[in-house]
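Asks: Before we start, here is the structure in question, set down as structure tokens.
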Amino acid sequence: MTRESLFYKIISAIHIVLFTSMLVFGMIFLSGNLFAMPVLGTAFMLGKDAIYKKLDINDSVVKTYFKYLKKALKLMRFCPINVILLLNIAGMLMAAKAELFMYSVVCLALISFLLVFMLYIAGYYTFVNEKVSLMEVMLCMLLKPQYLVPVFAIMVLCTFFASTAWGIVLFFTGTFFLFALEVLVFVQTLYYKKMMGKLEEDDEFYYMINRTERTNRKEK
């Protein structure tokens, strides 16, 4: 079996997803969500390596994870978002128990929005600038609603169907879904960087944005 074989790549992908999921969601669960921001930043940096085909499957996943985590600890300054998230989760559970349907829906929407916002903060940190500006993150997030809506819908579904079983699934395979969401966030950061004049022409994915914009102009 050669390292270039499809079977080897599949086994390597399973290995990466398994170990990164255990590290990412294990740390989130054990910290009561308080370390979610640096952990998400770490996961997105691993995902960036995968997107740009720089992830060396022969390196230690654990070693790479903790190297990126040390770098992403600066995202702890956004810890208040996690606190607000936890308060809304508590509010939703209390409202559901008291049969306050509308309050539960409001809390559900706020939880989903905060989760989406956290993903975009991690995306901005990873693909745009390590000096994160929340206003710029919001602008990036709203720039292309067609990418934002699916991310928000997925967060609504994840929140609504949250359970112990779903937590177990995330613990073992969660980064597979996280990397898929990262791709949507990544595309939006490309558009944002293009709008701000920060997207280099030698970027591997520059052609994708130019081709899409040319197609849109022709349709108009």
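Scheme for the structure tokens: letters A, B, ... for chains in order shown; per-chain residue numbers from 1; ligand numbers from 1 in order shown.
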Extract, using only C-alpha atoms, all DNA, RNA and protein residues at most 7 Å from A:Cys140, discarding same-chain residues fewer than 5 positions from it, and format them as a PDB file with C-alpha atoms, in the first residue's frame.
Replies:
ATOM      1  CA  GLN A 188     -17.211  34.408   2.117  1.00  0.00           C
ATOM      2  CA  THR A 189     -13.811  35.481   3.430  1.00  0.00           C
ATOM      3  CA  TYR A 192     -14.535  39.956   1.638  1.00  0.00           C
TER       4      TYR A 192
END
Asks: Which neighbours of A:Leu40 fall inside 10 Å, counting only C-alpha atoms, when residues of the same chain fewer than 3 positions from it are skipped, and could you give them as a PyMOL selection string?
Replies: chain A and resi 24-25+28+35-37+43-46+69+72+75+118-123+126+175+178
Asks: Could you check how far atom CA of A:Leu34 sits from atom CA of A:Val83, in Å to one decimal?
Replies: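 Interatomic distance here is 7.3 Å.
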Asks: Between atom CA of A:Val151 and atom CA of A:Gly26, measure the distance and give it in Å to one decimal.
Replies: 22.4 Å
Asks: I'd like the interatomic distance between atom CA of A:Met92 and atom CA of A:Ser104, to a tenth of an Å.
Replies: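 According to the coordinates, atom CA of A:Met92 and atom CA of A:Ser104 are separated by 4.7 Å.
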Asks: So which one's closest to A:Leu184, A:Leu73, A:Ile209, A:Cys158, A:Leu148? Using only C-alpha atoms, please.
Replies: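 Checking each candidate against A:Leu184, we get A:Leu148 as the closest.
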